[in-house]
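In what follows, a single structure is set out as structure tokens and then discussed.
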Amino acid sequence: MEAMGVSKLKKTSSWPKVIAVCTILIVLICAMSLVSIAIGSAGYSIPKIINAMLSDENSTIKIIVMNLRLPRVILALIVGASLAVAGALLQSVMGNPLADPGSIGVSAGASTAAITILLVFPHLTASVPIFAFFGAGLACILIFVMAYDNGISAIRIILSGVAVNSVLGAYNSFLQMLNSDDLQNVLGFLNGSLSGRSWNQVYIALAYGSIGLFLGFCCIKTANLLLLGEEMARSLGANVTRSRILLSAISAFLAAATVTVVGMVGFVGLIVPHISRLIIGSDYKVLLPVCTLLGGLVLLVADTVGRVLIQGMEIPVGIVMAMVGGPFFLYMLKKKGKVYGG
Amino acid sequence: MEVKGENVRIGYGEHIVIDEIDITVKKGEITTIIGPNGSGKSTVLKALTRLLDFKVGNINVDEIDIRKIGNKELAKKMGVLPQRHQAPPDFKVKDLVAFGRMPYQKWFNGNSPEDIEIINWAMKQADIYDLREKSVMTCSGGQAQRVWIATVLAQQPQILFLDEPTTFLDISYQLETMKLLKRLNRTSGIGVVMVLHDLSHALEVSDKIVVIKDGKKYSEGTPAEVVTPTMMKEVYGVDCEIVFVPGRTNPVLAYDEII
């Protein structure tokens, strides 16, 4: 296994560069947020929006921005950040850049639970988020229990993940086949979307997201230590099995929290950590902050693009990410020699 | 400090690699474990450093059961450089060496002034202080090995365990690494325990050599006691002579001519 990091990287960046990169990302996020708020089926110029927001009167602009567009922008930022950090943490556990929360069953577990509720117990549709959250958790626990054998190795997680994912995937397809007339809600869930989300969902995402991100940032040292390989980490006094479980749990928690609010959005956890490593290096001290910001930015851009690409129709952000993410994934495979873990 | 294994049986799952071995390694000494491929020498090193649990017998660190010592406590006593290790290539040398301070820190601590002092000391000891701002990937093979040695030195261990520290290095880096280890041992009294393939290195630097054959200890003693034509024949199946060269303390190996 090659070491974590990308060989064409320069050395891990110094703090001035980190601050510069973060500042640029924050500026871009602010600019993109304004753009995203401005455009839509009812388009307003940015000065007009700012004026409306600053006035006391309850204009249409203000209502649209406050109730529809602002929560959507904030949600995109939280979900993107959560998914990117979830991916980065899991990549440290697996020692592999191609790991994302999907590989520990988060997506399969959440969709199994959601599809079952939507198709078999439709009267519980309102509780889909809760079931999806616990479905994700259960699938994840199942994979880790199966992978456990006097400790947990990355390869065993991946193998048991493949097994669990394929069984759950088959079950999901089967249920969908049986109910092929009634798939609207299911498709809505599977192609994660930010459309029509309310402040309530923003609060949920914010609560879970900030807890998960906080815990993730607490594990920076552990994540770095795992980069040195199992034996080295152990001889430096780390409990590797406990660290792997802890990081995976935080990663699963972050990913599952996003699933409950927006459904399934793939590839963020894969692409964003990769680009972040290219920009800033593989030290989690600097990688996680950049992932947090870049993840939010990427998802916000993807959602905005999905809103404007085809006039009169919204492409769910999950589909946009998959369309861009797939080719990007192939690009990473092609450059395997240069990408760590290949 | 000494690490003492008695009647130790070691293996992976059902597969027993070392049947039974008594081995003691001490601070202040350079102990080398040699033996043919698959004899189980790395396995012994892993058991002595608790990277691998043993089946039967006991291993004590200064009379204390090694299984009862906390992870970080053990990491302060012994530094281990496994055969396979990896570094994120973009890390700076000083950041990699700083990992050696992990056993002394809580998860939220950064490097204290004392930590930084010790990191600098370790880099100077390993002759890489001038490289501290460079990234690990721009270091040569020999430099990279010294960076790793500095990392385990920063743990301030009493005994350093190294599994084949010269593999993959060309001869000049091999000698450089051996010199560094011997110098560290002679100047600071740190114990060195290593698995070596190269018998000339073992002859040159060791205070004590332990020979492992087929999962058992074949012999142990000073280089001159242990490395004999009989041992070479019985353990490696190789004919050779042990030659004393005027002006050298330790003998050298001369393998039979290949005709």
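Ordering of the structure tokens sets the chain letters (A, B, ...); residue numbers start at 1 within each chain; ligands are numbered from 1 in the order shown.
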
**Request:** May I ask you to extract the residues of chain B within 6 Å of chain A, using only C-alpha atoms, and to give them as number ranges by chain?
**Result:** B: 71-72, 75, 80, 85-91, 103, 135

Contacts of region 155-167 of chain B at 7 Å (only C-alpha atoms; same-chain gap of 2+ positions) as a short mmCIF file (atom, residue, chain, number, x, y, z; two decimals) with all heavy atoms, in the first residue's frame:
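Okay, result.cif is ready:
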```cif
data_model
loop_
_atom_site.label_atom_id
_atom_site.label_comp_id
_atom_site.auth_asym_id
_atom_site.auth_seq_id
_atom_site.Cartn_x
_atom_site.Cartn_y
_atom_site.Cartn_z
N MET B 1 16.80 -1.12 31.74
CA MET B 1 15.59 -1.83 31.35
C MET B 1 15.94 -3.12 30.62
O MET B 1 16.90 -3.16 29.85
CB MET B 1 14.76 -0.93 30.42
CG MET B 1 13.40 -1.53 30.08
SD MET B 1 12.45 -0.43 29.00
CE MET B 1 12.40 -1.37 27.50
N LYS B 27 18.84 -2.81 27.79
CA LYS B 27 19.30 -1.46 27.52
C LYS B 27 20.83 -1.47 27.48
O LYS B 27 21.45 -2.24 28.21
CB LYS B 27 18.81 -0.56 28.65
CG LYS B 27 19.07 0.89 28.42
CD LYS B 27 18.64 1.72 29.62
CE LYS B 27 19.21 3.11 29.43
NZ LYS B 27 18.86 4.02 30.48
N SER B 42 11.44 -12.07 12.73
CA SER B 42 10.59 -10.89 12.86
C SER B 42 9.46 -11.14 13.85
O SER B 42 9.04 -10.23 14.56
CB SER B 42 9.99 -10.50 11.50
OG SER B 42 10.99 -10.06 10.63
N ALA B 75 4.97 2.62 24.97
CA ALA B 75 5.56 3.41 23.89
C ALA B 75 6.62 4.37 24.40
O ALA B 75 7.45 4.85 23.64
CB ALA B 75 4.47 4.18 23.13
N LYS B 76 6.58 4.66 25.71
CA LYS B 76 7.64 5.51 26.27
C LYS B 76 8.88 4.68 26.59
O LYS B 76 9.97 5.21 26.71
CB LYS B 76 7.16 6.18 27.57
CG LYS B 76 6.08 7.22 27.34
CD LYS B 76 5.58 7.75 28.67
CE LYS B 76 4.30 8.52 28.48
NZ LYS B 76 3.70 8.90 29.76
N LYS B 77 8.70 3.37 26.75
CA LYS B 77 9.83 2.51 27.10
C LYS B 77 10.52 1.99 25.84
O LYS B 77 11.73 1.85 25.80
CB LYS B 77 9.36 1.32 27.93
CG LYS B 77 8.89 1.68 29.33
CD LYS B 77 8.39 0.42 30.01
CE LYS B 77 7.70 0.70 31.32
NZ LYS B 77 8.65 1.15 32.35
N MET B 78 9.71 1.63 24.84
CA MET B 78 10.33 1.05 23.65
C MET B 78 9.86 1.74 22.37
O MET B 78 8.69 2.03 22.20
CB MET B 78 10.08 -0.46 23.57
CG MET B 78 8.67 -0.90 23.83
SD MET B 78 8.43 -2.67 23.55
CE MET B 78 9.16 -3.41 24.98
N GLY B 79 10.81 2.02 21.49
CA GLY B 79 10.48 2.57 20.18
C GLY B 79 10.60 1.45 19.17
O GLY B 79 11.54 0.67 19.22
N VAL B 80 9.63 1.35 18.27
CA VAL B 80 9.63 0.25 17.32
C VAL B 80 9.58 0.80 15.90
O VAL B 80 8.73 1.61 15.57
CB VAL B 80 8.41 -0.67 17.52
CG1 VAL B 80 8.54 -1.90 16.64
CG2 VAL B 80 8.26 -1.05 18.98
N LEU B 81 10.50 0.35 15.08
CA LEU B 81 10.44 0.69 13.66
C LEU B 81 10.11 -0.59 12.90
O LEU B 81 10.98 -1.42 12.68
CB LEU B 81 11.78 1.27 13.22
CG LEU B 81 11.78 1.90 11.84
CD1 LEU B 81 10.67 2.91 11.69
CD2 LEU B 81 13.11 2.57 11.58
N PRO B 82 8.84 -0.77 12.54
CA PRO B 82 8.45 -2.00 11.84
C PRO B 82 9.07 -2.04 10.46
O PRO B 82 9.53 -1.01 9.94
CB PRO B 82 6.93 -1.90 11.73
CG PRO B 82 6.52 -0.73 12.54
CD PRO B 82 7.71 0.15 12.67
N GLN B 83 9.07 -3.21 9.88
CA GLN B 83 9.64 -3.34 8.54
C GLN B 83 8.82 -2.54 7.54
O GLN B 83 9.33 -1.87 6.67
CB GLN B 83 9.66 -4.81 8.14
CG GLN B 83 10.52 -5.07 6.93
CD GLN B 83 10.57 -6.54 6.60
OE1 GLN B 83 9.98 -7.38 7.28
NE2 GLN B 83 11.27 -6.87 5.55
N GLY B 100 6.63 11.02 17.18
CA GLY B 100 7.27 10.32 18.28
C GLY B 100 6.85 10.84 19.65
O GLY B 100 7.03 10.16 20.66
N ARG B 101 6.30 12.04 19.70
CA ARG B 101 5.88 12.60 20.98
C ARG B 101 4.47 12.17 21.37
O ARG B 101 3.99 12.49 22.46
CB ARG B 101 5.97 14.14 20.96
CG ARG B 101 7.35 14.68 20.75
CD ARG B 101 8.37 14.12 21.72
NE ARG B 101 8.12 14.49 23.11
CZ ARG B 101 8.65 13.87 24.16
NH1 ARG B 101 9.46 12.84 23.99
NH2 ARG B 101 8.38 14.26 25.38
N VAL B 152 11.33 7.49 16.15
CA VAL B 152 11.26 6.59 17.32
C VAL B 152 12.17 7.10 18.44
O VAL B 152 11.88 6.88 19.61
CB VAL B 152 11.56 5.12 16.96
CG1 VAL B 152 10.38 4.51 16.26
CG2 VAL B 152 12.79 4.96 16.13
N LEU B 153 13.24 7.82 18.09
CA LEU B 153 14.08 8.41 19.14
C LEU B 153 13.31 9.45 19.94
O LEU B 153 13.50 9.59 21.15
CB LEU B 153 15.31 9.08 18.53
CG LEU B 153 16.53 8.22 18.25
CD1 LEU B 153 17.64 9.11 17.70
CD2 LEU B 153 16.99 7.49 19.50
N LEU B 169 17.71 -0.58 1.16
CA LEU B 169 18.69 0.52 1.07
C LEU B 169 19.92 0.02 0.34
O LEU B 169 20.30 -1.14 0.47
CB LEU B 169 19.09 0.98 2.46
CG LEU B 169 18.00 1.56 3.34
CD1 LEU B 169 18.57 1.94 4.70
CD2 LEU B 169 17.35 2.76 2.69
N GLN B 174 22.99 1.54 3.93
CA GLN B 174 22.99 0.48 4.94
C GLN B 174 24.04 0.75 6.00
O GLN B 174 23.77 0.71 7.20
CB GLN B 174 23.29 -0.88 4.29
CG GLN B 174 22.19 -1.41 3.40
CD GLN B 174 22.53 -2.78 2.83
OE1 GLN B 174 23.38 -3.48 3.36
NE2 GLN B 174 21.86 -3.16 1.76
N ILE B 190 21.37 3.77 24.69
CA ILE B 190 20.08 3.21 24.30
C ILE B 190 20.28 1.75 23.84
O ILE B 190 21.32 1.42 23.25
CB ILE B 190 19.46 4.08 23.19
CG1 ILE B 190 17.99 3.73 22.98
CG2 ILE B 190 20.22 3.92 21.88
CD1 ILE B 190 17.27 4.70 22.06
N GLY B 191 19.35 0.90 24.18
CA GLY B 191 19.43 -0.47 23.72
C GLY B 191 18.94 -0.56 22.28
O GLY B 191 18.04 0.16 21.88
N VAL B 192 19.57 -1.41 21.48
CA VAL B 192 19.13 -1.60 20.10
C VAL B 192 18.89 -3.09 19.88
O VAL B 192 19.74 -3.91 20.21
CB VAL B 192 20.18 -1.10 19.08
CG1 VAL B 192 19.74 -1.39 17.65
CG2 VAL B 192 20.43 0.39 19.26
N VAL B 193 17.71 -3.42 19.41
CA VAL B 193 17.41 -4.81 19.07
C VAL B 193 16.96 -4.81 17.64
O VAL B 193 16.04 -4.07 17.27
CB VAL B 193 16.27 -5.37 19.95
CG1 VAL B 193 15.99 -6.82 19.58
CG2 VAL B 193 16.62 -5.26 21.42
N MET B 194 17.64 -5.57 16.79
CA MET B 194 17.19 -5.55 15.39
C MET B 194 17.27 -6.91 14.73
O MET B 194 18.04 -7.78 15.14
CB MET B 194 17.97 -4.52 14.59
CG MET B 194 19.45 -4.69 14.63
SD MET B 194 20.21 -3.25 13.84
CE MET B 194 21.84 -3.34 14.50
N VAL B 195 16.42 -7.04 13.75
CA VAL B 195 16.46 -8.21 12.90
C VAL B 195 17.28 -7.81 11.69
O VAL B 195 17.04 -6.77 11.09
CB VAL B 195 15.03 -8.60 12.47
CG1 VAL B 195 15.08 -9.63 11.36
CG2 VAL B 195 14.25 -9.12 13.66
N LEU B 196 18.28 -8.60 11.36
CA LEU B 196 19.11 -8.27 10.20
C LEU B 196 19.23 -9.48 9.28
O LEU B 196 19.27 -10.62 9.73
CB LEU B 196 20.52 -7.85 10.65
CG LEU B 196 20.72 -6.46 11.24
CD1 LEU B 196 22.18 -6.25 11.56
CD2 LEU B 196 20.24 -5.39 10.27
N HIS B 197 19.30 -9.19 7.99
CA HIS B 197 19.57 -10.24 7.03
C HIS B 197 21.07 -10.33 6.77
O HIS B 197 21.61 -11.40 6.53
CB HIS B 197 18.86 -9.94 5.71
CG HIS B 197 17.64 -10.76 5.53
ND1 HIS B 197 17.67 -12.13 5.56
CD2 HIS B 197 16.36 -10.41 5.32
CE1 HIS B 197 16.44 -12.59 5.39
NE2 HIS B 197 15.63 -11.57 5.25
#
```

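Close contacts of region 125-136 of chain A, defined as residues with an atom at most 7 Å away when counting only C-alpha atoms, with chain neighbours fewer than 5 positions off set aside, comprise A:Gly105, A:Val106, A:Ser107, A:Gly109, A:Ala110, A:Ser111, A:Thr112, A:Ala113, A:Ala114, A:Ile117, A:Leu118, A:Ala256, A:Ala257, A:Thr260, A:Val261.
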